[in-house]
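Content type mmCIF, C-alpha atoms and all ligand atoms, from the file entry05.cif:
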```cif
data_coords
#
loop_
_atom_site.label_atom_id
_atom_site.label_comp_id
_atom_site.auth_asym_id
_atom_site.auth_seq_id
_atom_site.Cartn_x
_atom_site.Cartn_y
_atom_site.Cartn_z
CA MET A 29 -50.36 -145.24 90.33
CA VAL A 30 -52.71 -142.29 90.57
CA TRP A 31 -52.13 -138.87 89.02
CA ILE A 32 -54.12 -135.99 90.38
CA ASN A 33 -53.94 -132.68 88.57
CA LEU A 34 -53.57 -129.66 90.79
CA ARG A 35 -54.38 -127.20 88.04
CA LEU A 36 -55.18 -123.55 88.21
CA ARG A 37 -58.78 -123.04 87.23
CA ARG A 38 -61.48 -120.52 87.89
CA GLN A 39 -64.68 -122.06 89.19
CA LYS A 40 -68.16 -120.73 88.51
CA ILE A 41 -70.05 -119.38 91.46
CA ASP A 42 -72.36 -122.02 92.83
CA PRO A 43 -75.33 -120.38 94.62
CA THR A 44 -75.76 -123.46 96.81
CA SER A 45 -72.18 -123.35 97.95
CA ARG A 46 -70.40 -120.83 100.16
CA ARG A 47 -66.98 -121.54 98.64
CA SER A 48 -65.00 -118.65 97.19
CA ALA A 49 -65.24 -118.26 93.41
CA ILE A 50 -61.45 -118.61 93.06
CA GLN A 51 -59.74 -121.55 94.76
CA LEU A 52 -56.10 -121.23 95.75
CA GLN A 53 -53.96 -123.40 93.50
CA VAL A 54 -50.36 -124.56 93.76
CA LYS A 55 -49.49 -122.74 90.53
CA THR A 56 -50.71 -119.49 92.05
CA ILE A 57 -48.29 -119.92 94.95
CA LEU A 58 -45.45 -120.87 92.60
CA ASN A 59 -46.01 -117.76 90.50
CA ILE A 60 -45.72 -115.67 93.65
CA VAL A 61 -42.61 -117.29 95.16
CA GLN A 62 -40.79 -118.61 92.05
CA ARG A 63 -41.79 -116.72 88.93
CA PHE A 64 -39.42 -117.13 86.00
CA VAL A 65 -39.64 -114.77 83.03
CA GLY A 66 -39.95 -116.78 79.82
CA PHE A 67 -41.37 -119.90 81.49
CA VAL A 68 -44.81 -120.96 82.68
CA TYR A 69 -46.02 -123.60 85.10
CA ARG A 70 -48.09 -125.83 82.85
CA GLN A 71 -49.32 -128.40 85.32
CA VAL A 72 -48.89 -129.55 88.91
CA GLN A 73 -49.50 -133.23 89.52
CA LEU A 74 -49.71 -135.26 92.71
CA HIS A 75 -48.19 -138.68 92.19
CA CYS A 76 -49.56 -141.35 94.56
CA PRO A 77 -47.91 -144.76 94.08
CA ALA A 78 -49.52 -147.63 95.92
CA LYS A 79 -46.57 -148.66 98.08
CA SER A 80 -44.35 -145.61 98.35
CA ALA A 81 -44.52 -142.01 99.44
CA PRO A 82 -46.41 -139.48 97.30
CA SER A 83 -44.59 -136.88 95.23
CA ILE A 84 -45.48 -133.68 93.42
CA GLU A 85 -44.40 -133.08 89.82
CA ILE A 86 -44.39 -129.52 88.50
CA LEU A 87 -44.35 -129.39 84.69
CA VAL A 88 -42.65 -126.29 83.29
CA GLU A 89 -42.94 -125.08 79.68
CA PRO A 90 -41.29 -122.23 77.80
CA HIS A 91 -43.45 -119.15 77.29
CA ARG A 92 -44.55 -119.18 73.65
CA GLY A 93 -43.88 -115.54 72.99
CA ILE A 94 -40.41 -115.35 74.59
CA ARG A 95 -37.25 -116.75 73.02
CA GLY A 96 -34.80 -118.85 74.98
CA ARG A 97 -31.56 -117.29 76.19
CA CYS A 98 -28.04 -118.54 75.62
CA SER A 99 -26.61 -120.05 78.83
CA HIS A 100 -23.24 -118.37 78.17
CA CYS A 101 -24.29 -114.77 77.54
CA GLN A 102 -27.98 -114.89 78.60
CA LYS A 103 -28.96 -113.05 75.39
CA PRO A 104 -32.09 -114.17 73.50
CA ALA A 105 -31.29 -116.46 70.57
CA PRO A 106 -33.22 -118.42 67.90
CA GLY A 107 -34.33 -121.90 68.91
CA TYR A 108 -32.37 -124.92 67.65
CA ASP A 109 -33.88 -128.09 69.12
CA ARG A 110 -35.07 -129.61 72.37
CA GLN A 111 -33.35 -132.00 74.73
CA PRO A 112 -34.93 -134.84 76.72
CA GLU A 113 -36.86 -133.91 79.82
CA ARG A 114 -34.93 -133.41 83.04
CA ARG A 115 -36.03 -133.36 86.69
CA TRP A 116 -34.87 -131.04 89.43
CA LEU A 117 -35.62 -131.48 93.11
CA PHE A 118 -37.61 -128.54 94.44
CA VAL A 119 -38.43 -127.48 98.02
CA PRO A 120 -40.85 -130.08 99.45
CA LEU A 121 -44.43 -128.84 99.58
CA TRP A 122 -46.25 -129.87 102.77
CA GLY A 123 -43.43 -132.37 103.35
CA ILE A 124 -44.06 -134.05 99.99
CA GLU A 125 -41.08 -134.57 97.69
CA THR A 126 -41.45 -132.14 94.80
CA HIS A 127 -39.76 -131.99 91.37
CA PHE A 128 -39.63 -129.60 88.46
CA ARG A 129 -39.88 -131.31 85.06
CA TYR A 130 -38.71 -129.52 81.95
CA ALA A 131 -37.24 -130.39 78.52
CA PRO A 132 -34.48 -127.77 77.94
CA ARG A 133 -34.22 -126.09 74.56
CA ARG A 134 -31.01 -125.55 72.70
CA VAL A 135 -30.54 -122.16 71.07
CA ASN A 136 -28.34 -121.01 68.22
CA CYS A 137 -26.46 -118.07 69.70
CA PRO A 138 -24.73 -115.79 67.16
CA GLU A 139 -21.77 -115.55 69.51
CA HIS A 140 -21.56 -119.00 71.13
CA GLY A 141 -23.17 -121.25 68.53
CA VAL A 142 -25.56 -124.04 69.53
CA ALA A 143 -25.87 -124.04 73.31
CA VAL A 144 -28.30 -125.18 75.97
CA GLU A 145 -30.61 -122.39 77.03
CA TYR A 146 -30.25 -120.49 80.28
CA ILE A 147 -32.46 -122.16 82.91
CA PRO A 148 -32.94 -119.76 85.83
CA TRP A 149 -33.72 -122.41 88.46
CA SER A 150 -30.78 -124.66 87.52
CA GLU A 151 -27.00 -124.68 88.02
CA GLY A 152 -25.12 -126.76 85.46
CA LYS A 153 -26.07 -130.42 85.54
CA ARG A 154 -27.12 -130.51 89.17
CA PRO A 155 -30.46 -132.29 89.61
CA VAL A 156 -31.55 -129.78 92.26
CA THR A 157 -33.19 -126.38 91.89
CA LEU A 158 -31.36 -123.34 93.21
CA ALA A 159 -34.32 -122.76 95.55
CA MET A 160 -33.79 -126.19 97.10
CA MET A 161 -30.03 -125.68 97.46
CA GLY A 162 -30.61 -122.37 99.21
CA PHE A 163 -33.29 -123.99 101.39
CA LEU A 164 -30.97 -126.84 102.47
CA ALA A 165 -27.98 -124.55 102.98
CA ARG A 166 -29.97 -122.27 105.28
CA TRP A 167 -31.27 -125.18 107.35
CA ALA A 168 -27.73 -126.60 107.49
CA ARG A 169 -26.74 -123.54 109.51
CA ARG A 170 -29.23 -124.54 112.21
CA LEU A 171 -29.05 -128.33 112.13
CA SER A 172 -26.25 -130.78 111.41
CA TRP A 173 -25.95 -131.73 107.74
CA LEU A 174 -27.15 -135.24 108.55
CA GLU A 175 -30.18 -133.98 110.46
CA THR A 176 -30.97 -131.58 107.62
CA ALA A 177 -30.83 -134.44 105.11
CA ARG A 178 -33.13 -136.60 107.24
CA ALA A 179 -35.61 -133.80 107.92
CA PHE A 180 -36.13 -133.10 104.23
CA GLN A 181 -35.85 -136.64 102.83
CA THR A 182 -32.61 -136.08 101.00
CA SER A 183 -28.99 -137.23 101.29
CA TRP A 184 -26.04 -135.89 103.25
CA GLU A 185 -24.27 -135.48 99.91
CA MET A 186 -27.07 -133.24 98.66
CA VAL A 187 -26.82 -131.03 101.75
CA TYR A 188 -23.04 -130.88 101.39
CA ARG A 189 -23.28 -129.87 97.70
CA SER A 190 -25.89 -127.26 98.55
CA VAL A 191 -23.73 -125.69 101.25
CA GLN A 192 -20.75 -125.78 98.89
CA TRP A 193 -22.74 -124.02 96.17
CA PHE A 194 -24.08 -121.44 98.64
CA VAL A 195 -20.61 -120.66 99.99
CA GLU A 196 -19.14 -120.37 96.49
CA TRP A 197 -21.95 -118.05 95.47
CA GLY A 198 -21.46 -115.95 98.60
CA LEU A 199 -17.70 -115.70 98.03
CA SER A 200 -18.23 -114.62 94.43
CA GLN A 201 -20.49 -111.80 95.68
CA ARG A 202 -18.28 -110.79 98.59
CA ASP A 203 -16.72 -107.35 98.70
CA VAL A 204 -13.70 -106.93 100.99
CA SER A 205 -12.56 -103.58 99.62
CA GLY A 206 -13.77 -101.68 102.71
CA VAL A 207 -12.15 -103.88 105.35
CA LYS A 208 -10.01 -101.76 107.68
CA SER A 209 -9.59 -104.00 110.70
CA ILE A 210 -8.96 -107.72 110.92
CA GLY A 211 -8.32 -110.25 113.62
CA VAL A 212 -5.93 -113.15 113.08
CA ASP A 213 -6.12 -116.12 115.35
CA GLU A 214 -5.33 -119.79 115.59
CA ILE A 215 -7.88 -122.44 116.44
CA HIS A 216 -7.14 -125.88 117.76
CA TRP A 217 -9.01 -128.44 115.67
CA GLY A 218 -9.37 -132.16 116.21
CA HIS A 219 -7.18 -134.14 118.59
CA GLY A 220 -3.48 -133.81 119.30
CA LEU A 221 -1.05 -130.98 118.84
CA ARG A 222 0.29 -131.75 115.38
CA ALA A 223 0.64 -128.90 112.90
CA ASP A 224 -2.46 -130.09 111.06
CA ASN A 225 -4.51 -129.77 114.24
CA PHE A 226 -4.46 -125.99 114.03
CA LEU A 227 -6.36 -123.63 111.79
CA THR A 228 -5.58 -120.01 111.01
CA VAL A 229 -8.64 -117.76 111.01
CA ILE A 230 -8.90 -114.26 109.54
CA TYR A 231 -11.98 -112.25 110.40
CA GLN A 232 -13.18 -108.68 109.96
CA ILE A 233 -13.63 -106.73 113.19
CA ASP A 234 -14.75 -103.32 111.94
CA ALA A 235 -17.49 -101.78 114.07
CA GLU A 236 -20.03 -101.89 111.23
CA CYS A 237 -19.24 -105.43 110.05
CA ARG A 238 -17.86 -108.46 111.83
CA ARG A 239 -17.54 -111.59 109.77
CA LEU A 240 -15.32 -114.56 109.06
CA LEU A 241 -13.16 -113.92 105.99
CA TRP A 242 -10.93 -116.96 105.63
CA VAL A 243 -9.90 -120.22 107.30
CA GLY A 244 -6.75 -122.18 106.46
CA ARG A 245 -5.10 -125.31 107.72
CA ARG A 246 -2.03 -124.93 110.01
CA ARG A 247 -0.72 -121.77 111.70
CA THR A 248 2.45 -121.05 109.78
CA GLN A 249 3.67 -117.97 107.96
CA ALA A 250 2.74 -119.67 104.70
CA THR A 251 -0.82 -120.18 105.94
CA LEU A 252 -1.36 -116.51 106.77
CA ARG A 253 0.34 -115.37 103.57
CA ARG A 254 -1.98 -117.64 101.60
CA GLY A 255 -5.03 -116.23 103.37
CA LEU A 256 -4.04 -112.61 102.72
CA LYS A 257 -3.36 -113.48 99.08
CA VAL A 258 -6.83 -115.01 98.68
CA LEU A 259 -8.40 -111.82 100.03
CA GLY A 260 -6.85 -109.80 97.21
CA PRO A 261 -3.58 -108.18 96.17
CA ASP A 262 -4.36 -104.85 97.88
CA PHE A 263 -6.15 -106.25 100.90
CA ALA A 264 -3.25 -106.14 103.40
CA THR A 265 -1.97 -102.74 102.28
CA LYS A 266 -5.33 -101.07 103.06
CA LEU A 267 -5.62 -102.38 106.61
CA ARG A 268 -5.46 -99.94 109.52
CA PHE A 269 -5.67 -102.37 112.43
CA VAL A 270 -4.63 -105.98 112.85
CA CYS A 271 -5.47 -107.74 116.10
CA SER A 272 -3.49 -110.88 116.79
CA ASP A 273 -1.94 -112.91 119.53
CA MET A 274 1.81 -113.10 119.92
CA TRP A 275 2.32 -116.10 117.69
CA LYS A 276 5.63 -115.26 116.05
CA PRO A 277 4.85 -116.46 112.49
CA TYR A 278 1.76 -114.21 112.42
CA LEU A 279 3.68 -111.20 113.71
CA LYS A 280 6.30 -111.63 111.01
CA VAL A 281 3.77 -111.84 108.19
CA ILE A 282 1.77 -108.89 109.51
CA ALA A 283 4.92 -106.78 109.75
CA ALA A 284 5.88 -107.69 106.19
CA LYS A 285 2.48 -107.47 104.51
CA ALA A 286 0.75 -104.70 106.46
CA PRO A 287 3.53 -102.44 107.79
CA GLN A 288 1.15 -99.45 107.80
CA ALA A 289 -1.33 -101.13 110.14
CA LEU A 290 -1.42 -100.79 113.91
CA ASN A 291 -0.84 -104.24 115.33
CA VAL A 292 -2.99 -104.72 118.42
CA LEU A 293 -1.95 -107.63 120.59
CA ASP A 294 -4.99 -108.97 122.33
CA ARG A 295 -5.24 -108.80 126.08
CA PHE A 296 -6.11 -112.45 126.65
CA HIS A 297 -2.84 -113.72 125.26
CA ILE A 298 -0.75 -110.98 126.84
CA THR A 299 -2.06 -111.70 130.32
CA GLY A 300 -1.58 -115.41 129.71
CA HIS A 301 2.07 -114.91 128.84
CA LEU A 302 2.58 -112.50 131.72
CA ASN A 303 1.06 -114.86 134.23
CA LYS A 304 3.30 -117.62 132.94
CA ALA A 305 6.32 -115.37 133.31
CA VAL A 306 5.23 -114.44 136.82
CA ASP A 307 4.89 -118.09 137.80
CA GLU A 308 8.41 -118.75 136.59
CA VAL A 309 9.82 -115.76 138.42
CA ARG A 310 7.98 -116.25 141.71
CA PRO A 311 10.18 -118.99 143.19
CA SER A 312 13.37 -117.13 142.37
CA ARG A 313 12.81 -113.86 144.14
CA GLU A 314 10.74 -112.01 146.68
CA TRP A 315 7.98 -109.80 145.30
CA THR A 316 7.98 -106.12 146.00
CA ALA A 317 5.02 -103.77 146.12
CA GLU A 318 6.35 -102.16 142.98
CA ASP A 319 6.19 -105.47 141.07
CA ARG A 320 2.53 -106.04 141.93
CA GLY A 321 1.55 -102.54 140.89
CA GLY A 322 3.26 -102.99 137.55
CA GLN A 323 1.42 -106.25 136.87
CA LYS A 324 -2.00 -104.73 137.53
CA GLU A 325 -1.29 -101.79 135.30
CA VAL A 326 -0.22 -103.92 132.35
CA GLU A 327 -3.06 -106.42 132.72
CA ALA A 328 -5.55 -103.57 132.56
CA HIS A 329 -4.66 -102.65 129.00
CA ALA A 330 -4.27 -104.34 125.67
CA LEU A 331 -0.91 -103.61 124.16
CA ALA A 332 -0.59 -101.69 120.93
CA VAL A 333 2.76 -101.19 119.27
CA THR A 334 3.34 -99.15 116.15
CA PRO A 335 6.08 -99.77 113.65
CA GLU A 336 6.97 -96.09 113.70
CA GLY A 337 7.17 -95.66 117.45
CA LYS A 338 8.62 -99.00 118.53
CA PRO A 339 9.88 -100.90 115.54
CA GLY A 340 11.61 -103.53 117.61
CA ALA A 341 8.55 -104.45 119.62
CA ARG A 342 6.41 -105.14 116.58
CA SER A 343 8.28 -108.24 115.65
CA GLY A 344 11.78 -109.45 115.54
CA SER A 345 12.92 -107.87 118.80
CA PRO A 346 14.44 -110.36 121.21
CA GLU A 347 11.82 -109.52 123.82
CA THR A 348 8.80 -109.91 121.58
CA GLU A 349 10.10 -113.03 119.97
CA ARG A 350 10.74 -114.58 123.31
CA LEU A 351 7.16 -113.92 124.40
CA GLY A 352 5.81 -115.09 121.05
CA GLY A 353 7.60 -118.37 121.33
CA GLN A 354 8.80 -120.29 124.33
CA GLN A 355 9.61 -118.57 127.58
CA THR A 356 13.29 -118.95 128.07
CA GLY A 357 15.19 -119.10 131.26
CA HIS A 358 16.63 -115.70 130.50
CA GLY A 359 13.13 -114.26 130.12
CA ALA A 360 12.20 -115.59 133.52
CA ARG A 361 15.32 -114.17 135.11
CA LEU A 362 14.39 -110.68 133.93
CA GLY A 363 11.75 -110.62 136.66
CA VAL A 364 8.17 -109.51 136.27
CA GLU A 365 8.97 -105.84 136.07
CA GLY A 366 11.70 -106.40 133.54
CA VAL A 367 9.44 -108.55 131.34
CA PHE A 368 6.69 -105.93 131.35
CA LEU A 369 9.02 -103.10 130.57
CA SER A 370 10.96 -104.94 127.92
CA LEU A 371 7.70 -105.99 126.28
CA LEU A 372 6.56 -102.41 126.17
CA GLU A 373 10.07 -101.15 125.44
CA VAL A 374 9.57 -98.14 127.67
ZN ZN A 401 -24.35 -116.59 73.78
#
```

When written as C-alpha cells, how does the structure in this file appear?
Amino acid sequence: MVWINLRLRRQKIDPTSRRSAIQLQVKTILNIVQRFVGFVYRQVQLHCPAKSAPSIEILVEPHRGIRGRCSHCQKPAPGYDRQPERRWLFVPLWGIETHFRYAPRRVNCPEHGVAVEYIPWSEGKRPVTLAMMGFLARWARRLSWLETARAFQTSWEMVYRSVQWFVEWGLSQRDVSGVKSIGVDEIHWGHGLRADNFLTVIYQIDAECRRLLWVGRRRTQATLRRGLKVLGPDFATKLRFVCSDMWKPYLKVIAAKAPQALNVLDRFHITGHLNKAVDEVRPSREWTAEDRGGQKEVEAHALAVTPEGKPGARSGSPETERLGGQQTGHGARLGVEGVFLSLLEV
C-alpha cells in the first residue's frame, strides 16, 4: 500500500526551473467547488493498493475557531465529544474513487441536548456526500440507472437512492401556488389492460412553465382525487383551465373539485371518438354533404365547455358520458351530425 500526499504547499521559485511558483493542488480545487464554512480540508491522499484500483481520501477537520452546529437547529453549540471517523463517497476525481473522511463532533445544544453536529455535505447516515448524490441523479436523467452506476463505479442501489433523495429535495422546494392551468391524462404502462397498467398524470401547462406535477397508479376517480390532494388543499380551487380527455372518472372529479375552471377537452381524443362514431354510423345510412361539412368544422377545433354556459356537457350529461365511456348503439344511431351537435349541446 502506498500513500501519496496531495497537499497544498507553496513552492520556492527555482531559477533553474520554469515551473510556476504556485502549483495547483486538489485542495485548491475543493475549496473552490465545495467550500464548507467551519471545516477545512486537512489532507488529500492518493491510496494505491498493489492489486486493486487506486482511491483518493480527503481528510476533513473542523475549523479551530468555529464551533460546531446542532444538526436539529443548525445553531452553534458547545462541543461535547467526538464520534469515530466516517467515510462518505464523493464525486470521483479523474475517474478515481474518492471519499471524504471525517470524525463528527457531538455538541451540547441548549435546546436539543447532546446531538451530532450539522455536517453540510451529509444527509443522515447515508455514506454518500450530497455532491455525489446530485452528480448521480443528474447523470441518471441522461443514462439508465444501471449505466450510470457502471460509469461511475457504484451500485444501482446508490443511483436509485440518489435519485430518490434528489426528487424528495425537489418536491420539498416546489411551489405550486401559481399554477393556473393543468393537463390530466392517462398513460398506458407495462403490458395488458388491467387497471394497474394505467397511470394518471397531472402536469402544468401554463405558458411560462410546463412541468410534470404528479403521477399515480390507475386512472380512477380516487387516483385523480389523491393527486389533487397531494398538490395542496387550495390547488384545485385556484385553477383556471383543466385540459383532459373525455375519460368519465376524470371529468367527474374535475367538475367536483375545480368547478370554476374551464375544462378543455383535447382535440386528439375528440377526433378519435368522432371518427369512431362515424365508422359506426357509416354502414347504416348514406352521407350527405351537410354531414361532411359538420365533421370538418368540429375536427378543426378543440372543444371547450363551461359549467356556466353548458352545465350538462361538462360531465354527467347523457351525451358526454356516452362519449366518455363506451359508444352505445343509441349513440351510433344519432348519426354523425346528431353526435356532434349533442356533444356541443348547440
Ligand atoms: Zn439545537

Write out, as a Markdown table, each residue of chain A that has an atom at most 6 Å from ligand ZN 401 (chain A), together with the closest pair of atoms and their distance in Å to one decimal, counting only C-alpha atoms and all ligand atoms, rows going by chain and rising number.
```
| residue | atom | partner | partner_atom | distance |
| --- | --- | --- | --- | --- |
| A:Cys98 | CA | A:ZN401 | ZN | 4.6 |
| A:His100 | CA | A:ZN401 | ZN | 4.9 |
| A:Cys101 | CA | A:ZN401 | ZN | 4.2 |
| A:Cys137 | CA | A:ZN401 | ZN | 4.8 |
| A:Glu139 | CA | A:ZN401 | ZN | 5.1 |
| A:His140 | CA | A:ZN401 | ZN | 4.5 |
```

TODO: Could you tell me how far CA of Arg254 in chain A lies from CA of Gln201 in chain A, in Å and to one decimal?
DONE: 20.3 Å

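The space between CA of Gly260 in chain A and CA of Asp224 in chain A spans 25.0 Å.
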
Open item on the list: Which residues are near range 112-119 of chain A? Cut-off 7 Å, all atoms listed in the file, ignore same chain within fewer than 5 positions. Put them as number ranges by chain.
Closed with: A: 126-132, 155-157, 159-160

Considering all atoms listed in the file, return as an mmCIF file with C-alpha atoms, in the frame of the given file whatever protein or nucleic-acid residues lie within 9 Å of range 180-192 of chain A, sequence-local ones (same chain, fewer than 3 positions apart) excluded.
```
data_model
loop_
_atom_site.group_PDB
_atom_site.id
_atom_site.type_symbol
_atom_site.label_atom_id
_atom_site.label_comp_id
_atom_site.auth_asym_id
_atom_site.auth_seq_id
_atom_site.Cartn_x
_atom_site.Cartn_y
_atom_site.Cartn_z
ATOM 1 C CA VAL A 119 -38.430 -127.480 98.020
ATOM 2 C CA PRO A 120 -40.850 -130.080 99.450
ATOM 3 C CA GLY A 123 -43.430 -132.370 103.350
ATOM 4 C CA GLU A 125 -41.080 -134.570 97.690
ATOM 5 C CA VAL A 156 -31.550 -129.780 92.260
ATOM 6 C CA LEU A 158 -31.360 -123.340 93.210
ATOM 7 C CA MET A 160 -33.790 -126.190 97.100
ATOM 8 C CA MET A 161 -30.030 -125.680 97.460
ATOM 9 C CA GLY A 162 -30.610 -122.370 99.210
ATOM 10 C CA PHE A 163 -33.290 -123.990 101.390
ATOM 11 C CA LEU A 164 -30.970 -126.840 102.470
ATOM 12 C CA ALA A 165 -27.980 -124.550 102.980
ATOM 13 C CA ARG A 166 -29.970 -122.270 105.280
ATOM 14 C CA ALA A 168 -27.730 -126.600 107.490
ATOM 15 C CA TRP A 173 -25.950 -131.730 107.740
ATOM 16 C CA LEU A 174 -27.150 -135.240 108.550
ATOM 17 C CA GLU A 175 -30.180 -133.980 110.460
ATOM 18 C CA THR A 176 -30.970 -131.580 107.620
ATOM 19 C CA ALA A 177 -30.830 -134.440 105.110
ATOM 20 C CA VAL A 195 -20.610 -120.660 99.990
ATOM 21 C CA GLU A 196 -19.140 -120.370 96.490
ATOM 22 C CA TRP A 197 -21.950 -118.050 95.470
#
```

Open item on the list: Just to confirm, what's the straight-line distance from CA of Asn225 in chain A to CA of Gly300 in chain A in Å (one decimal)?
Closed with: 21.3 Å

The centre and edge lengths of an axis-aligned box containing all atoms of range 250-255 of chain A present in the file, extended by 5 Å on each side, are to be given in Å to one decimal, as JSON.
```
{"center_x": -1.1, "center_y": -117.8, "center_z": 104.2, "size_x": 17.8, "size_y": 14.8, "size_z": 15.2}
```

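By chain and then residue number, the residues within 12 Å of Tyr108 in chain A are Arg95, Gly96, Arg97, Cys98, Ala105, Gln111, Pro132, Arg133, Arg134, Val135, Asn136, Cys137, Pro138, Gly141, Val142, Ala143, Val144 and Glu145 of chain A, counting only C-alpha atoms and disregarding those fewer than 3 positions away in sequence.
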
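In this comparison, which uses all atoms listed in the file, the residue of A:Val258, A:Ile210, A:Ala81, A:Ala305 approaching Ala286 in chain A most closely is A:Ile210.
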
TODO: Quick one: everything within 8 Å of range 226-229 of chain A, counting all atoms listed in the file, minus sequence neighbours fewer than 3 positions away in the same chain. Send it as a list in words.
DONE: Gly211, Val212, Asp213, Glu214, Ile215, His216, Trp217, Leu221, Arg222, Ala223, Leu240, Leu241, Trp242, Val243, Gly244, Arg245, Arg246, Arg247, Thr251 and Leu252 of chain A

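Distances here use only C-alpha atoms; by that measure, the residue among A:Leu279, A:His75, A:Phe269, A:Ile86 closest to Lys55 in chain A is A:Ile86.
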
Will you model N, CA and C atoms for range 122-133 of chain A and pass it back as an mmCIF file, in the coordinates of the input?
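Done, and the output landed in result_13.cif:
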```cif
data_model
loop_
_atom_site.group_PDB
_atom_site.id
_atom_site.type_symbol
_atom_site.label_atom_id
_atom_site.label_comp_id
_atom_site.auth_asym_id
_atom_site.auth_seq_id
_atom_site.Cartn_x
_atom_site.Cartn_y
_atom_site.Cartn_z
ATOM 1 N N TRP A 122 -45.552 -129.153 101.697
ATOM 2 C CA TRP A 122 -46.250 -129.870 102.770
ATOM 3 C C TRP A 122 -45.537 -131.186 103.099
ATOM 4 N N GLY A 123 -44.206 -131.180 103.030
ATOM 5 C CA GLY A 123 -43.430 -132.370 103.350
ATOM 6 C C GLY A 123 -43.425 -133.421 102.248
ATOM 7 N N ILE A 124 -44.013 -133.090 101.101
ATOM 8 C CA ILE A 124 -44.060 -134.050 99.990
ATOM 9 C C ILE A 124 -42.938 -133.737 99.008
ATOM 10 N N GLU A 125 -42.185 -134.763 98.639
ATOM 11 C CA GLU A 125 -41.080 -134.570 97.690
ATOM 12 C C GLU A 125 -41.608 -133.956 96.399
ATOM 13 N N THR A 126 -40.936 -132.906 95.940
ATOM 14 C CA THR A 126 -41.450 -132.140 94.800
ATOM 15 C C THR A 126 -40.355 -131.955 93.740
ATOM 16 N N HIS A 127 -40.726 -132.139 92.475
ATOM 17 C CA HIS A 127 -39.760 -131.990 91.370
ATOM 18 C C HIS A 127 -40.279 -131.019 90.329
ATOM 19 N N PHE A 128 -39.346 -130.318 89.702
ATOM 20 C CA PHE A 128 -39.630 -129.600 88.460
ATOM 21 C C PHE A 128 -39.342 -130.574 87.323
ATOM 22 N N ARG A 129 -40.159 -130.527 86.274
ATOM 23 C CA ARG A 129 -39.880 -131.310 85.060
ATOM 24 C C ARG A 129 -39.871 -130.354 83.877
ATOM 25 N N TYR A 130 -38.810 -130.439 83.086
ATOM 26 C CA TYR A 130 -38.710 -129.520 81.950
ATOM 27 C C TYR A 130 -37.760 -130.104 80.908
ATOM 28 N N ALA A 131 -38.115 -129.944 79.623
ATOM 29 C CA ALA A 131 -37.240 -130.390 78.520
ATOM 30 C C ALA A 131 -36.498 -129.147 78.005
ATOM 31 N N PRO A 132 -35.210 -128.995 78.325
ATOM 32 C CA PRO A 132 -34.480 -127.770 77.940
ATOM 33 C C PRO A 132 -34.377 -127.625 76.424
ATOM 34 N N ARG A 133 -34.445 -126.379 75.979
ATOM 35 C CA ARG A 133 -34.220 -126.090 74.560
ATOM 36 C C ARG A 133 -32.734 -125.852 74.330
#
```
